[in-house]
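Visitor: Below you'll find the structure I mean.
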Amino acid sequence: MNTRAATNPRVTILYKTLLLILMASRISSISSSLTRSLPLCHYLKKQHHSSLSFTPKLLRKSHPCPLWSSSFSLCLSLRNSSVSRRRFTTAVSTSPAMAASDQDNPLLRDFDFPPFDCVNADHVRPGVRALLKKVEDELVELESSLEPSWPKLVEPLEKLVDRLQVVWGAVNHLKAVKDTAELRTAIEEIQPEKVKFELKLGQSKPIYNAFKAIKESPDWDKLSDARKRIVESQIKEAVLNGVSLEDDKRDQFNKIEQELVKLSEKFGEHVLDATKKFEKLITEKKDIEGLPGTALGLGAQTAMSKGHENATAEDGPWVITLDAPSFLSIMQHAKNRTLRKEVYLAYITRASSGELDNTGIIDQILKLKLEKAKLLGYNNYAEVSMVTKMATVAKAEELLEKIRAASWDAAVKDMEELKQFAKDQGASEADDLTHWDTTFWSERLRESKYEINEEELRPYFSLPKVMDGLFNLAKMLFGVTVESADGLAPVWNNDVRFYCVKDSSGSPIAYFYFDPYSRPSEKRGGAWMDEVVARSRVLSRDGASARLPVAHMVCNQMPPVGDKPSLMTFREVETVFHEFGHALQHMLTKQDEGLVAGIRGIEWDAVELPSQFMENWCYHRDTLMSIAKHFETGETLPEDIYLKLLAARTFRAGSQSLRQIRFASLDLELHTKYVPGGSESIYDVDQRVSQKTQVIPPLPEDRFLCGFSHIFAGGYAAGYYSYKWAEVLSADAFSAFEDAGLNDIKAVKKTGQKFRETILALGGGKAPLDVFVDFRGREPSPEPLLRHSGLLAVSV
């Protein structure tokens, strides 16, 4: 044990426990296939996990930010672009079998990049139906002629799946960023047909038997690690998709799958609609005293969009919404306690009443997931979810409890300090601080303690400078150049940027879209990264070089106001770095097997490693100083402010940690012990979990769960703990750069290249713990996480 951990008995216990948990997970991963008769891999369609198997779990993988984040024709124009289009294609091609009228549908044309700018709701039903007919015919043909070999089984399946994935992915992406009632209706109508095909594919016994034959063949040991991982994943997925179920049980399973997809879609729609529904018009400036200029400008700009043509930042009127930039500004800065209360209550009760009430949907989702788990031979859905992860239910719970215990005293101390500070400031609510007070007074305490005002820092973090600094960091660490490629690919909004990533020789290796700004009328909240297409040898157009990966990054930060660029909070800067970390793992992969390239096939509790790793660079002096330039004067952020930012990194760390533990513990509780329809409601469970994870318990009317999209409309069901699990890995990965010397550019570049060749290059073709060992030279240690979190004393 590192001697620095011995200064605090509680930390010593936590340190040892984290280390044992990680070691046990490796043993578990090695022995799991020997100790269970059922496969250990299962994803939900709507959950966006993409080991990209040939199963109903094949479509989409999305990485939303954790809930602490603040932000969350063929029409192919080649104008003003010098970026090469060669060697890239989505491989979406038409065939003579498609009717001539189908050629007018942009979804069915041969394109290099999805025609985001000209796809509308009218194209969805005919386009997807035409593709479904084509892939269904191909599946029948394949089943009748397949052989248990890579060229005769895996390669044609990858091609078959990809056609539908690219098109459905584009349609679903538009729903997330450019939602309309018509698009919702079209997706809702066609989705059951798509799910029916996916189930047919996932339950194909000829395909399942062919994969088993490959594994049992004498040539098994000759396959690469990546190909072995693909085969094993397909066998597991097939069983967990019901291939071994008898007719009646399979029918029941299929009905559950259809219903879960529908409920998940509806949940997300309700959250978006409820968020859009709340608008508060304010006409008196005294009512929003304390709000900074950026928030006033946003409020006036929103008011103008609602018909108040003469609205100004100085004189109003202003419209407040529940979209992150507006909501957080009120919580952090509004002196009007009544306003804070109103906005807070509106936020925690989103989608919990009337026609948008998600309560029944949550219960039904949990009920169906439990039924599904039991059909597959598991005790609960968490066991099903965990089979694709590094952890087990027990290990995840153990990790959360140890971190909770280590964080509790610090969080209690945080609250005591906050109350005393508010009292010293003469606040009437000092002895009765509650949820709509803590964020406001925390911001005042931070300003007092570190002399940092987050709003005053915004001018130093303009989006163009942040992106330039981020791209320069990627060049230094990984030897890649990011260039603007606007005009090469169609986009869904004029604010969307398109970029090309090039290697050291100047050759394109990837592309990505970036959609940075909040649009509450049509775009869901939060921040996420998703794939458009993955790297693939099989789907190469020229038959020589692999198809290049394409990603999109989506954030929800404050848009430009007036003639000013988007001015970011420091947390929004961290969010952009976080999402870019996900994108880098997708784009810099060197894995040519498309089914495990980039982010595909990686255990879910490891996918946050590169994203959380990148956040650490926001505190690296040279990196921060390269992006922190005043947007008007060009002045660099003063050194003393940088030091204060560094000191404030662990401000209220105990409270922030407990908040994440609440979400993760509640998620596991609902997916393990909760009995739908029993004596305890979902809100009772939340209150019970919060007794141990929140210093101030939730209000009785708290309906946070009705907006918990991560687990009910995203990929984190029984997996929210992954943020903490991966934090151990990411902190240790960054410590490799600390060990090398952050001021030693040569050493940093060398370590960065090693990170690229392992963590970013190997994709899902190798077990993530083995990939980590390849990079670090040893198994992960929890010490860097404890040190970065301020829970471990650093020897001087």
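So you can find residues: chains in the structure tokens are A, B, ... in the order shown, residues in each start at 1, and ligands are numbered from 1 in order.
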List the neighbours of Lys372 of chain A out to 12 Å using only C-alpha atoms; skip same-chain residues closer than 6 positions along the sequence, and give me the result as a list in words.

Guide: His42, Tyr43, Leu44, Leu240, Asn241, Gly242, Leu245, Lys249, Arg250, Asp251, Gln252, Phe253, Asn254, Lys255, Ile256, Glu257, Gln258, Glu259, Leu260, Ile365, Leu366, Tyr378, Asn379, Asn380, Tyr381, Ala382, Glu383, Val384 and Ser385 of chain A

Visitor: Would you output that residue set with C-alpha atoms, as an mmCIF file, in the first residue's frame?

Guide:
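File written: part05.cif
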data_model
loop_
_atom_site.group_PDB
_atom_site.id
_atom_site.type_symbol
_atom_site.label_atom_id
_atom_site.label_comp_id
_atom_site.auth_asym_id
_atom_site.auth_seq_id
_atom_site.Cartn_x
_atom_site.Cartn_y
_atom_site.Cartn_z
ATOM 1 C CA HIS A 42 -27.017 -8.303 -23.211
ATOM 2 C CA TYR A 43 -28.017 -4.826 -24.279
ATOM 3 C CA LEU A 44 -31.298 -3.096 -24.877
ATOM 4 C CA LEU A 240 -29.814 -13.349 -24.343
ATOM 5 C CA ASN A 241 -31.992 -12.399 -27.294
ATOM 6 C CA GLY A 242 -34.088 -15.491 -26.810
ATOM 7 C CA LEU A 245 -36.383 -19.883 -25.601
ATOM 8 C CA LYS A 249 -41.562 -17.780 -24.023
ATOM 9 C CA ARG A 250 -39.959 -16.370 -27.142
ATOM 10 C CA ASP A 251 -43.217 -14.705 -28.109
ATOM 11 C CA GLN A 252 -43.458 -13.213 -24.634
ATOM 12 C CA PHE A 253 -39.845 -12.045 -24.855
ATOM 13 C CA ASN A 254 -40.472 -10.383 -28.219
ATOM 14 C CA LYS A 255 -43.537 -8.568 -26.925
ATOM 15 C CA ILE A 256 -41.481 -7.266 -24.011
ATOM 16 C CA GLU A 257 -38.774 -6.014 -26.365
ATOM 17 C CA GLN A 258 -41.278 -4.172 -28.526
ATOM 18 C CA GLU A 259 -42.914 -2.565 -25.523
ATOM 19 C CA LEU A 260 -39.625 -1.511 -23.919
ATOM 20 C CA ILE A 365 -40.183 -0.358 -17.795
ATOM 21 C CA LEU A 366 -38.952 -1.828 -14.524
ATOM 22 C CA TYR A 378 -31.507 -14.155 -14.137
ATOM 23 C CA ASN A 379 -32.771 -12.898 -10.796
ATOM 24 C CA ASN A 380 -33.061 -9.255 -11.821
ATOM 25 C CA TYR A 381 -32.254 -6.878 -14.632
ATOM 26 C CA ALA A 382 -29.052 -5.631 -12.994
ATOM 27 C CA GLU A 383 -27.561 -9.097 -13.431
ATOM 28 C CA VAL A 384 -28.434 -8.947 -17.125
ATOM 29 C CA SER A 385 -26.906 -5.491 -17.455
#

Visitor: Excluding same-chain residues fewer than 5 positions from segment 328-344 of chain A, what lies within 8 Å of it counting only C-alpha atoms, as a list in words?

Guide: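 My reading of the contact set: Ser70, Asp287, Ile288, Glu289, Gly290, Leu291, Pro292, Ala295, Leu322, His435, Trp436, Asp437, Thr439, Phe440, Trp441, Ser442 and Glu443 of chain A.
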
Visitor: Which is closest to Ala274 of chain A among A:Ser217, A:Ser204, A:Ser233, A:Ser521, if we use only C-alpha atoms?

Guide: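 Checking each of A:Ser217, A:Ser204, A:Ser233, A:Ser521 against Ala274 of chain A, counting only C-alpha atoms, the winner is A:Ser521.
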
Visitor: Excluding Ala713 of chain A and residues on its chain fewer than 5 positions from it, collect all residues at most 10 Å away from it, counting only C-alpha atoms, and give them as a ChimeraX atom specification.

Guide: /A:46-48,260-261,263-269,271,707-708

Visitor: Determine which residues of segment 400-507 of chain A DSSP labels as alpha helix (DSSP H) from the backbone of this structure, then write them out as a PyMOL selection string.

Guide: chain A and resi 400-424+435-450+454-457+463-478

Visitor: Got time to write the residues from that selection, C-alpha atoms, as a PDB file, in the first residue's frame?

Guide:
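Heads up, here's the output in part_10.pdb:
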ATOM      1  CA  LEU A 400     -20.394   2.789  -4.251  1.00  0.00           C
ATOM      2  CA  GLU A 401     -20.673   2.099  -0.525  1.00  0.00           C
ATOM      3  CA  LYS A 402     -16.982   2.629   0.087  1.00  0.00           C
ATOM      4  CA  ILE A 403     -16.968   5.916  -1.791  1.00  0.00           C
ATOM      5  CA  ARG A 404     -20.189   6.960  -0.050  1.00  0.00           C
ATOM      6  CA  ALA A 405     -18.692   6.281   3.371  1.00  0.00           C
ATOM      7  CA  ALA A 406     -15.548   8.205   2.508  1.00  0.00           C
ATOM      8  CA  SER A 407     -17.572  11.144   1.193  1.00  0.00           C
ATOM      9  CA  TRP A 408     -20.206  11.463   3.920  1.00  0.00           C
ATOM     10  CA  ASP A 409     -18.249  13.338   6.587  1.00  0.00           C
ATOM     11  CA  ALA A 410     -16.843  15.707   3.977  1.00  0.00           C
ATOM     12  CA  ALA A 411     -20.350  16.401   2.676  1.00  0.00           C
ATOM     13  CA  VAL A 412     -21.664  17.082   6.189  1.00  0.00           C
ATOM     14  CA  LYS A 413     -18.771  19.470   6.725  1.00  0.00           C
ATOM     15  CA  ASP A 414     -19.591  21.131   3.379  1.00  0.00           C
ATOM     16  CA  MET A 415     -23.130  21.821   4.560  1.00  0.00           C
ATOM     17  CA  GLU A 416     -22.046  23.135   7.944  1.00  0.00           C
ATOM     18  CA  GLU A 417     -19.592  25.476   6.261  1.00  0.00           C
ATOM     19  CA  LEU A 418     -22.255  26.639   3.834  1.00  0.00           C
ATOM     20  CA  LYS A 419     -24.753  27.401   6.596  1.00  0.00           C
ATOM     21  CA  GLN A 420     -22.169  29.336   8.567  1.00  0.00           C
ATOM     22  CA  PHE A 421     -21.174  31.336   5.515  1.00  0.00           C
ATOM     23  CA  ALA A 422     -24.792  32.201   4.717  1.00  0.00           C
ATOM     24  CA  LYS A 423     -25.289  33.222   8.330  1.00  0.00           C
ATOM     25  CA  ASP A 424     -22.215  35.454   8.210  1.00  0.00           C
ATOM     26  CA  HIS A 435     -32.359  22.642  -2.211  1.00  0.00           C
ATOM     27  CA  TRP A 436     -32.993  25.951  -3.962  1.00  0.00           C
ATOM     28  CA  ASP A 437     -30.465  27.643  -1.692  1.00  0.00           C
ATOM     29  CA  THR A 438     -27.427  25.364  -1.761  1.00  0.00           C
ATOM     30  CA  THR A 439     -26.319  26.064  -5.327  1.00  0.00           C
ATOM     31  CA  PHE A 440     -26.716  29.831  -4.855  1.00  0.00           C
ATOM     32  CA  TRP A 441     -24.786  29.979  -1.594  1.00  0.00           C
ATOM     33  CA  SER A 442     -22.182  27.473  -2.820  1.00  0.00           C
ATOM     34  CA  GLU A 443     -21.389  29.819  -5.671  1.00  0.00           C
ATOM     35  CA  ARG A 444     -21.106  32.760  -3.243  1.00  0.00           C
ATOM     36  CA  LEU A 445     -18.837  30.708  -0.947  1.00  0.00           C
ATOM     37  CA  ARG A 446     -16.651  29.658  -3.846  1.00  0.00           C
ATOM     38  CA  GLU A 447     -16.337  33.287  -4.939  1.00  0.00           C
ATOM     39  CA  SER A 448     -15.394  34.276  -1.396  1.00  0.00           C
ATOM     40  CA  LYS A 449     -13.046  31.380  -0.715  1.00  0.00           C
ATOM     41  CA  TYR A 450     -11.181  31.342  -3.999  1.00  0.00           C
ATOM     42  CA  GLU A 454     -17.635  31.690 -12.763  1.00  0.00           C
ATOM     43  CA  GLU A 455     -19.495  34.291 -14.793  1.00  0.00           C
ATOM     44  CA  GLU A 456     -16.538  36.651 -14.781  1.00  0.00           C
ATOM     45  CA  LEU A 457     -14.457  33.818 -16.230  1.00  0.00           C
ATOM     46  CA  LEU A 463     -15.872  28.559 -27.889  1.00  0.00           C
ATOM     47  CA  PRO A 464     -13.514  29.230 -30.848  1.00  0.00           C
ATOM     48  CA  LYS A 465     -10.486  29.543 -28.529  1.00  0.00           C
ATOM     49  CA  VAL A 466     -11.499  26.486 -26.522  1.00  0.00           C
ATOM     50  CA  MET A 467     -11.774  24.379 -29.658  1.00  0.00           C
ATOM     51  CA  ASP A 468      -8.433  25.627 -30.990  1.00  0.00           C
ATOM     52  CA  GLY A 469      -6.755  24.726 -27.701  1.00  0.00           C
ATOM     53  CA  LEU A 470      -8.451  21.331 -27.602  1.00  0.00           C
ATOM     54  CA  PHE A 471      -7.291  20.523 -31.124  1.00  0.00           C
ATOM     55  CA  ASN A 472      -3.736  21.667 -30.338  1.00  0.00           C
ATOM     56  CA  LEU A 473      -3.748  19.360 -27.318  1.00  0.00           C
ATOM     57  CA  ALA A 474      -4.864  16.443 -29.521  1.00  0.00           C
ATOM     58  CA  LYS A 475      -2.011  17.225 -31.906  1.00  0.00           C
ATOM     59  CA  MET A 476       0.565  17.283 -29.122  1.00  0.00           C
ATOM     60  CA  LEU A 477      -0.671  14.148 -27.372  1.00  0.00           C
ATOM     61  CA  PHE A 478      -1.740  11.983 -30.281  1.00  0.00           C
TER      62      PHE A 478
END

Visitor: Work out how far atom CA of Gln591 of chain A is from atom CA of Leu762 of chain A, in Å to one decimal.

Guide: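 One can read the atom CA of Leu762 of chain A to atom CA of Gln591 of chain A distance as 5.8 Å.
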
Visitor: Choose the residue, out of A:Asp774, A:Asp686, A:Asp117, A:Glu639, that has the smallest atom-to-atom separation from Lys178 of chain A; count only C-alpha atoms.

Guide: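 Result for the nearest residue to Lys178 of chain A: A:Asp117.
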
Visitor: Hey, what's within 6 Å of Ser566 of chain A if we count only C-alpha atoms and toss same-chain stuff fewer than 6 positions away? As a ChimeraX atom specification, please?

Guide: /A:462-463,559-560

Visitor: Write out as number ranges by chain which residues come within 12 Å of segment 314-317 of chain A when counting only C-alpha atoms, dropping same-chain ones fewer than 6 positions away.

Guide: A: 280-289, 291-308

Visitor: Skip Thr180 of chain A itself and residues of its chain fewer than 3 positions away, then list as a list of chain:residue names all residues within 12 Å of it, counting only C-alpha atoms.

Guide: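 Here the answer would be A:Asn120, A:Ala121, A:Asp122, A:Val171, A:Asn172, A:Leu174, A:Lys175, A:Ala176, A:Val177, A:Leu183, A:Arg184, A:Thr185, A:Ala186, A:Ile187, A:Glu269, A:Leu272, A:Asp273, A:Ser521, A:Glu522, A:Lys523, A:Arg524.
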
Visitor: When you count only C-alpha atoms, which of these residues is closest to Tyr721 of chain A: A:Glu738, A:Glu398, A:Asp770, A:Asp495?

Guide: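 The shortest atom-to-atom distance to Tyr721 of chain A comes from A:Glu398.
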
Visitor: Hey, can you check how far atom CA of Ile759 of chain A sits from atom CA of Arg787 of chain A?

Guide: 22.4 Å

Visitor: Which one of A:Ala747, A:Ile696, A:Ser518, A:Pro549 sits closest to Thr434 of chain A if you count only C-alpha atoms?

Guide: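 Looking at the shortest contact to Thr434 of chain A, the residue is A:Ile696.
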
Visitor: Counting only C-alpha atoms, figure out which residue out of A:Asn453, A:Gln660, A:Asn105, A:Ser484 gets nearest to Phe512 of chain A.

Guide: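 With only C-alpha atoms as the atom set, the closest residue is A:Ser484.
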
Visitor: For each of A:Phe498, A:Phe197, A:Phe651, A:Tyr716, take the minimum atom-to-atom distance to Ala510 of chain A, counting only C-alpha atoms, then give the residue where this is smallest.

Guide: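 That would be A:Phe498, the residue with the smallest distance to Ala510 of chain A.
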
Visitor: Identify all residues of segment 224-282 of chain A in strand (DSSP E) (DSSP on the backbone) and supply them as an MDAnalysis selection string.

Guide: chainID A and resid 279:282

Visitor: What would the file look like if the residues just selected were written as a PDB file, in the first residue's frame with C-alpha atoms?

Guide:
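Full text of part_19.pdb as output:
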ATOM      1  CA  GLU A 279     -41.530  29.306 -19.551  1.00  0.00           C
ATOM      2  CA  LYS A 280     -41.519  32.157 -17.065  1.00  0.00           C
ATOM      3  CA  LEU A 281     -41.778  35.699 -18.347  1.00  0.00           C
ATOM      4  CA  ILE A 282     -40.128  38.284 -16.108  1.00  0.00           C
TER       5      ILE A 282
END

Visitor: Tell me, in Å to one decimal, how far atom CA of His586 of chain A is from atom CA of Ser536 of chain A.

Guide: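 Distance reported for this atom pair: 11.8 Å.
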